[in-house]
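Engineer: What follows is query31.txt, made up of compact mmCIF, C-alpha atoms:
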# COMPACT_ATOMS: atom_id res chain seq x y z
CA MET A 1 0.00 0.00 0.00
CA ARG A 2 1.36 3.45 -0.91
CA SER A 3 1.72 5.81 2.02
CA THR A 4 2.69 9.43 2.52
CA PRO A 5 4.58 10.19 5.75
CA ILE A 6 2.47 12.17 8.22
CA ARG A 7 4.00 15.49 9.30
CA LEU A 8 5.32 14.86 12.80
CA LEU A 9 6.13 17.04 15.77
CA ALA A 10 9.87 17.81 15.85
CA ILE A 11 11.10 16.90 19.32
CA ALA A 12 13.68 19.67 19.35
CA GLY A 13 10.98 22.33 19.17
CA ALA A 14 8.19 20.52 20.94
CA THR A 15 8.26 22.37 24.24
CA ALA A 16 8.25 25.80 22.60
CA LEU A 17 5.40 24.81 20.32
CA LEU A 18 3.27 23.48 23.13
CA PHE A 19 3.79 26.46 25.40
CA ALA A 20 3.13 28.98 22.63
CA ALA A 21 0.16 27.17 21.13
CA CYS A 22 -1.81 26.40 24.25
CA GLY A 23 -1.38 29.48 26.40
CA ASP A 24 -4.90 30.72 25.68
CA ASP A 25 -7.85 28.45 26.41
CA ASP A 26 -9.71 29.98 23.46
CA ASP A 27 -7.21 28.38 21.07
CA THR A 28 -8.11 24.85 22.09
CA SER A 29 -10.82 22.71 20.58
CA SER A 30 -14.03 23.10 22.57
CA GLY A 31 -16.69 22.51 19.95
CA ASP A 32 -18.14 19.37 18.44
CA THR A 33 -15.80 16.61 17.37
CA THR A 34 -14.40 17.29 13.92
CA THR A 35 -16.10 15.34 11.15
CA THR A 36 -14.18 16.65 8.15
CA ALA A 37 -14.34 13.98 5.45
CA GLY A 38 -10.79 14.29 4.19
CA ASP A 39 -10.68 15.14 0.49
CA GLY A 40 -14.46 14.76 0.23
CA GLU A 41 -14.21 11.29 -1.31
CA THR A 42 -16.64 8.74 0.14
CA VAL A 43 -14.98 5.38 0.63
CA GLU A 44 -16.31 1.97 1.59
CA ALA A 45 -16.42 1.17 5.28
CA PRO A 46 -14.36 -1.83 6.38
CA ALA A 47 -16.17 -5.07 7.13
CA GLY A 48 -16.68 -6.46 10.60
CA LEU A 49 -17.33 -3.23 12.46
CA VAL A 50 -18.27 -3.61 16.12
CA GLU A 51 -21.39 -1.57 15.36
CA ASP A 52 -22.78 -0.83 11.91
CA GLY A 53 -22.47 2.79 10.90
CA LYS A 54 -19.92 3.57 13.60
CA LEU A 55 -16.16 3.58 14.00
CA THR A 56 -15.73 2.46 17.59
CA ALA A 57 -12.57 3.60 19.33
CA CYS A 58 -11.27 2.53 22.73
CA SER A 59 -9.48 5.37 24.50
CA ASP A 60 -8.24 6.36 27.95
CA THR A 61 -9.95 9.72 28.46
CA PRO A 62 -8.84 12.31 29.44
CA TYR A 63 -5.29 12.49 28.15
CA GLU A 64 -5.12 16.07 26.99
CA PRO A 65 -4.71 17.23 24.32
CA PHE A 66 -5.16 13.87 22.58
CA GLU A 67 -8.34 12.67 24.30
CA MET A 68 -10.75 14.83 26.30
CA LYS A 69 -14.33 16.04 26.63
CA ASP A 70 -15.58 19.44 25.54
CA ASP A 71 -17.99 21.54 27.59
CA ASP A 72 -20.94 19.55 26.20
CA GLY A 73 -19.42 16.18 27.01
CA ASN A 74 -18.42 15.38 23.42
CA ASP A 75 -15.20 13.51 22.71
CA THR A 76 -12.55 15.75 21.22
CA GLY A 77 -8.77 16.14 21.15
CA PHE A 78 -6.18 15.45 18.48
CA ASP A 79 -6.68 11.66 18.36
CA MET A 80 -10.46 11.88 18.52
CA ASP A 81 -10.69 14.51 15.79
CA LEU A 82 -8.42 12.48 13.53
CA MET A 83 -10.53 9.36 14.06
CA ALA A 84 -13.76 11.28 13.46
CA ALA A 85 -12.39 12.65 10.20
CA VAL A 86 -11.17 9.23 9.04
CA GLY A 87 -14.53 7.66 9.85
CA ALA A 88 -16.44 10.45 8.11
CA ARG A 89 -14.85 9.45 4.81
CA ALA A 90 -17.00 6.30 5.00
CA ASP A 91 -20.01 8.03 6.61
CA LEU A 92 -19.12 6.43 9.95
CA GLU A 93 -19.94 8.14 13.21
CA LEU A 94 -17.23 8.03 15.87
CA ALA A 95 -18.17 6.13 19.05
CA VAL A 96 -15.75 6.21 21.98
CA ILE A 97 -15.40 3.67 24.78
CA ASP A 98 -13.46 5.00 27.77
CA LEU A 99 -11.15 2.37 29.27
CA PRO A 100 -8.12 2.44 31.58
CA PHE A 101 -4.90 2.49 29.56
CA GLU A 102 -3.68 -0.62 31.30
CA GLY A 103 -5.04 -3.50 29.24
CA ILE A 104 -6.63 -1.26 26.61
CA LEU A 105 -5.01 -3.15 23.74
CA GLY A 106 -6.73 -6.33 24.88
CA ALA A 107 -10.07 -4.67 24.14
CA LEU A 108 -9.43 -5.24 20.44
CA ALA A 109 -9.13 -9.01 20.77
CA ALA A 110 -12.19 -8.96 23.02
CA GLY A 111 -14.19 -7.30 20.25
CA GLN A 112 -15.01 -4.16 22.21
CA CYS A 113 -13.76 -1.70 19.60
CA ASP A 114 -12.45 -1.36 16.06
CA VAL A 115 -9.40 0.71 16.93
CA VAL A 116 -7.46 1.91 19.96
CA ALA A 117 -6.89 5.65 19.68
CA SER A 118 -5.13 6.70 22.86
CA ALA A 119 -1.70 8.24 22.13
CA VAL A 120 -0.21 4.74 22.08
CA SER A 121 3.55 4.57 21.56
CA ILE A 122 4.55 1.95 19.00
CA LYS A 123 6.69 -0.62 20.80
CA PRO A 124 7.90 -4.05 19.61
CA GLU A 125 6.18 -5.87 22.48
CA ARG A 126 2.89 -4.10 21.74
CA ALA A 127 3.25 -4.86 18.02
CA GLU A 128 3.24 -8.55 18.93
CA GLU A 129 -0.26 -8.09 20.33
CA VAL A 130 -1.81 -5.65 17.83
CA ASP A 131 -1.12 -4.11 14.42
CA PHE A 132 -0.25 -0.41 14.29
CA THR A 133 -0.97 2.16 11.64
CA GLU A 134 1.91 4.15 10.28
CA PRO A 135 3.15 6.66 12.88
CA TYR A 136 1.16 9.88 13.08
CA PHE A 137 2.99 11.73 15.87
CA ASP A 138 6.50 11.97 17.35
CA SER A 139 6.84 12.34 21.09
CA ALA A 140 9.36 12.39 23.95
CA GLN A 141 9.33 12.10 27.72
CA SER A 142 9.40 15.04 30.12
CA LEU A 143 9.57 16.06 33.77
CA LEU A 144 6.86 18.30 35.26
CA ILE A 145 6.98 19.96 38.69
CA LYS A 146 5.20 22.69 40.61
CA THR A 147 6.48 26.05 39.42
CA ASP A 148 7.42 27.11 42.94
CA ASN A 149 9.48 23.95 43.57
CA GLU A 150 13.07 25.15 43.89
CA ASP A 151 14.49 21.77 44.97
CA ILE A 152 14.16 20.01 41.61
CA THR A 153 15.91 21.35 38.53
CA GLY A 154 16.14 18.08 36.60
CA ILE A 155 16.12 14.31 36.75
CA ALA A 156 19.34 14.28 38.78
CA ASP A 157 17.52 15.93 41.71
CA LEU A 158 14.89 13.20 42.12
CA ASP A 159 16.86 11.13 44.64
CA GLY A 160 14.64 10.79 47.73
CA LYS A 161 11.62 12.29 45.92
CA ASN A 162 8.31 10.73 44.88
CA VAL A 163 7.81 10.63 41.13
CA GLY A 164 4.41 9.98 39.58
CA VAL A 165 3.90 8.05 36.34
CA GLN A 166 0.96 6.51 34.51
CA SER A 167 0.88 2.73 34.74
CA THR A 168 1.94 0.61 31.75
CA THR A 169 3.14 3.66 29.80
CA THR A 170 6.51 4.46 28.28
CA GLY A 171 6.84 7.16 30.94
CA GLU A 172 6.69 4.51 33.64
CA THR A 173 9.31 2.47 31.81
CA TYR A 174 11.59 5.46 31.35
CA ALA A 175 11.32 6.41 35.02
CA LYS A 176 12.13 2.90 36.22
CA GLU A 177 15.15 2.72 33.93
CA ASN A 178 16.54 6.23 34.46
CA VAL A 179 15.43 7.67 37.81
CA GLU A 180 17.72 6.77 40.70
CA GLY A 181 16.87 6.89 44.39
CA ALA A 182 13.26 8.00 43.97
CA THR A 183 9.98 6.36 44.86
CA ILE A 184 8.01 5.79 41.67
CA THR A 185 4.25 5.81 42.13
CA SER A 186 2.00 4.63 39.31
CA PHE A 187 -1.45 6.06 38.65
CA GLU A 188 -4.23 4.75 36.44
CA ASP A 189 -4.75 8.01 34.56
CA SER A 190 -3.34 11.50 34.07
CA ASP A 191 -6.08 13.08 36.20
CA GLY A 192 -4.78 11.15 39.19
CA LEU A 193 -1.24 12.23 38.39
CA PHE A 194 -2.03 15.93 38.26
CA ALA A 195 -4.21 15.75 41.37
CA ALA A 196 -1.39 14.05 43.28
CA LEU A 197 1.08 16.72 42.23
CA GLU A 198 -1.33 19.46 43.25
CA SER A 199 -1.87 17.90 46.69
CA GLY A 200 1.84 17.31 47.25
CA THR A 201 1.53 13.52 47.30
CA ILE A 202 4.18 13.39 44.58
CA ASP A 203 6.99 15.82 43.77
CA ALA A 204 7.14 15.42 40.00
CA ILE A 205 5.47 13.78 37.01
CA LEU A 206 7.39 11.93 34.32
CA GLN A 207 5.26 11.34 31.23
CA ASP A 208 4.83 12.22 27.56
CA LEU A 209 6.02 15.71 26.63
CA PRO A 210 2.90 16.84 24.73
CA VAL A 211 0.69 15.99 27.70
CA ASN A 212 2.90 17.68 30.29
CA GLY A 213 3.49 20.60 27.93
CA TYR A 214 -0.22 21.11 27.31
CA ARG A 215 -0.91 21.02 31.05
CA SER A 216 1.79 23.57 31.83
CA ALA A 217 0.45 25.89 29.12
CA GLN A 218 -3.02 25.74 30.68
CA ASP A 219 -1.86 25.89 34.31
CA PRO A 220 0.98 28.30 35.24
CA SER A 221 1.36 26.61 38.64
CA VAL A 222 3.24 23.74 36.94
CA THR A 223 6.12 23.73 34.49
CA VAL A 224 8.15 21.33 32.34
CA ILE A 225 11.77 21.54 33.44
CA GLU A 226 13.42 18.81 31.38
CA THR A 227 12.71 16.78 28.25
CA PHE A 228 14.13 13.40 27.26
CA PRO A 229 14.29 12.47 23.54
CA THR A 230 13.13 8.87 23.23
CA GLU A 231 12.29 8.60 19.51
CA GLU A 232 8.76 7.53 20.42
CA GLN A 233 6.08 7.50 17.75
CA TYR A 234 2.34 7.14 18.26
CA GLY A 235 0.16 4.85 16.16
CA PHE A 236 -3.48 3.74 16.13
CA ALA A 237 -3.89 0.05 16.96
CA VAL A 238 -6.16 -2.56 15.38
CA GLU A 239 -6.70 -6.24 16.05
CA LYS A 240 -3.79 -8.37 14.94
CA GLY A 241 -4.28 -9.48 11.34
CA ASN A 242 -7.14 -7.06 10.57
CA ALA A 243 -5.61 -5.89 7.29
CA GLU A 244 -8.81 -4.27 6.03
CA MET A 245 -9.19 -1.99 9.06
CA LEU A 246 -5.49 -1.20 9.02
CA ALA A 247 -5.65 -0.17 5.36
CA PHE A 248 -8.79 1.90 6.01
CA LEU A 249 -7.04 3.87 8.75
CA ASN A 250 -3.76 4.29 6.88
CA ASP A 251 -5.54 5.44 3.73
CA GLY A 252 -7.65 7.82 5.79
CA LEU A 253 -4.63 9.36 7.52
CA GLU A 254 -2.94 9.78 4.18
CA ALA A 255 -6.00 11.53 2.76
CA LEU A 256 -6.19 13.87 5.75
CA HIS A 257 -2.54 14.72 5.29
CA ASP A 258 -2.95 15.32 1.56
CA ASP A 259 -5.95 17.65 1.86
CA GLY A 260 -4.57 19.66 4.79
CA THR A 261 -6.97 18.39 7.48
CA TYR A 262 -4.12 16.87 9.48
CA ASP A 263 -2.21 20.16 9.48
CA GLU A 264 -5.32 22.08 10.53
CA LEU A 265 -5.90 19.78 13.49
CA PHE A 266 -2.22 19.85 14.40
CA ALA A 267 -2.30 23.67 14.45
CA THR A 268 -5.43 23.62 16.64
CA TYR A 269 -3.77 21.62 19.38
CA PHE A 270 -0.03 22.27 18.99
CA GLY A 271 0.39 25.50 17.03
CA SER A 272 1.16 26.15 13.39
Rewrite the coordinates I just gave you, this time as structure tokens.
Structural biologist:
Amino acid sequence: MRSTPIRLLAIAGATALLFAACGDDDDTSSGDTTTTAGDGETVEAPAGLVEDGKLTACSDTPYEPFEMKDDDGNDTGFDMDLMAAVGARADLELAVIDLPFEGILGALAAGQCDVVASAVSIKPERAEEVDFTEPYFDSAQSLLIKTDNEDITGIADLDGKNVGVQSTTTGETYAKENVEGATITSFEDSDGLFAALESGTIDAILQDLPVNGYRSAQDPSVTVIETFPTEEQYGFAVEKGNAEMLAFLNDGLEALHDDGTYDELFATYFGS
């Protein structure tokens, strides 16, 4: 299958982009989920959908700015808007099932959804369980602290501290492999992480740069103090061997890239 590389976030400029793009709440997506139909071409829906007429996505919500709810309770965010636009090419409505990230890939084999859209890093061990689309986003890891915390200036200062991570994520893996002398506490979701930092239960959060960066742009009481290039790439996941769904998603992402929809959504959430 022919594919056009998706324009990815350059890690070197990621922090600046995120801080500049998200400083004003009015710049974020707060309306209905995007349903742009790519280049306007109507394509055939893949067979074997969980529910006829719908593209059903499993996602761990919220994980801003990739997955979240708008003021009316609609699913939005970069991942959700991409999936809605891909589905719209086949007149499919996006349906979202909110699941904890831990074990979310197993939902595909269990027949709960057609795709996992949840800022999932493509890893060899995960690729043994599911099939991934071509990468649609580059990421890195980062360290977030309270802005008034003068004791921590980087990862080297975490000895004796309590570091929060999200369970079963690449952030958790990175912390366990690179943080020395700290207590690492795992949380089920990012809401728990940020609440723990706010309450002082943990001293820092180590997780994906775009998520920490988006949070710090919205909340001046926290700040990203260090980033760690990890060459991570996100992909959407489908059931192992589901070539038709995989092709549908890859073709849809390519179409959104070609007609500018991808760039428009990227600018909405990360800056132009």
Engineer: My list of candidates is A:Leu206, A:Thr268, A:Asn242, A:Val116. Which is closest to Lys176 in chain A when distances are computed with all atoms listed in the file?
Structural biologist: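 Closest to Lys176 in chain A, using all atoms listed in the file: A:Leu206.
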Engineer: From the list A:Pro124, A:Pro220, A:Pro100, A:Pro62, which residue is nearest Leu144 in chain A when using only C-alpha atoms?
Structural biologist: A:Pro220
Engineer: Which value, in Å to one decimal, gives the distance between CA of Asn250 in chain A and CA of Val86 in chain A?
Structural biologist: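 Taking CA of Asn250 in chain A and CA of Val86 in chain A, their separation equals 9.2 Å.
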Engineer: Which residues come within 12 Å of Thr183 in chain A, counting only C-alpha atoms, excluding same-chain residues fewer than 2 positions away, as a list in words?
Structural biologist: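 Those residues are Leu158, Asp159, Gly160, Lys161, Asn162, Val163, Gly164, Val165, Glu172, Ala175, Lys176, Val179, Glu180, Gly181, Thr185, Ser186, Thr201, Ile202, Asp203, Ala204 and Ile205 of chain A.
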Engineer: Distance CA of Leu246 in chain A-CA of Ala90 in chain A, one decimal place?
Structural biologist: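 Spanning CA of Leu246 in chain A to CA of Ala90 in chain A is a straight-line distance of 14.3 Å.
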Engineer: So what do you get for CA of Asp131 in chain A versus CA of Gly260 in chain A, distance-wise?
Structural biologist: 25.9 Å
Engineer: Between A:Glu239, A:Asp75, A:Glu232, A:Asp263, which residue has the minimum interatomic distance to Leu108 in chain A, considering all atoms listed in the file?
Structural biologist: A:Glu239
Engineer: Point out the residue among A:Lys146, A:Arg126, A:Arg215, A:Arg89 with the least atom-to-atom distance to Glu64 in chain A, counting all atoms listed in the file.
Structural biologist: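 For Glu64 in chain A, the nearest of the candidates is A:Arg215.
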Engineer: Between A:Asp208, A:Ile145, A:Phe266, A:Gly241, which residue has the minimum interatomic distance to Val224 in chain A, considering all atoms listed in the file?
Structural biologist: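 Going through A:Asp208, A:Ile145, A:Phe266, A:Gly241 one by one, the smallest distance to Val224 in chain A is for A:Ile145.
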Engineer: Which residue, A:Tyr234, A:Phe270, A:Glu198, A:His257, has the smallest gap to Asp219 in chain A when you use only C-alpha atoms?
Structural biologist: A:Glu198
Engineer: Around the point (-2.8, 16.7, 32.1) in the file's coordinates, collect all residues with an atom within 8 Å, using only C-alpha atoms, and return them as a PyMOL selection string.
Structural biologist: chain A and resi 62-64+190-191+193-194+211-212+214-215
Engineer: List as a ChimeraX atom specification the protein and nucleic acid residues near Leu249 in chain A, meaning an atom at most 10 Å away when only C-alpha atoms are counted, but skip any in the same chain fewer than 5 places from it.
Structural biologist: /A:46,82-83,86-87,115,132-134,236-238,243-244,254-255
Engineer: Could you list as a list in words every residue that has an atom within 10 Å of (-11.5, -9.1, 19.1), using the file's coordinates and counting all atoms listed in the file?
Structural biologist: Val50, Leu105, Gly106, Ala107, Leu108, Ala109, Ala110, Gly111, Gln112, Cys113, Asp114, Val238, Glu239, Lys240 and Asn242 of chain A
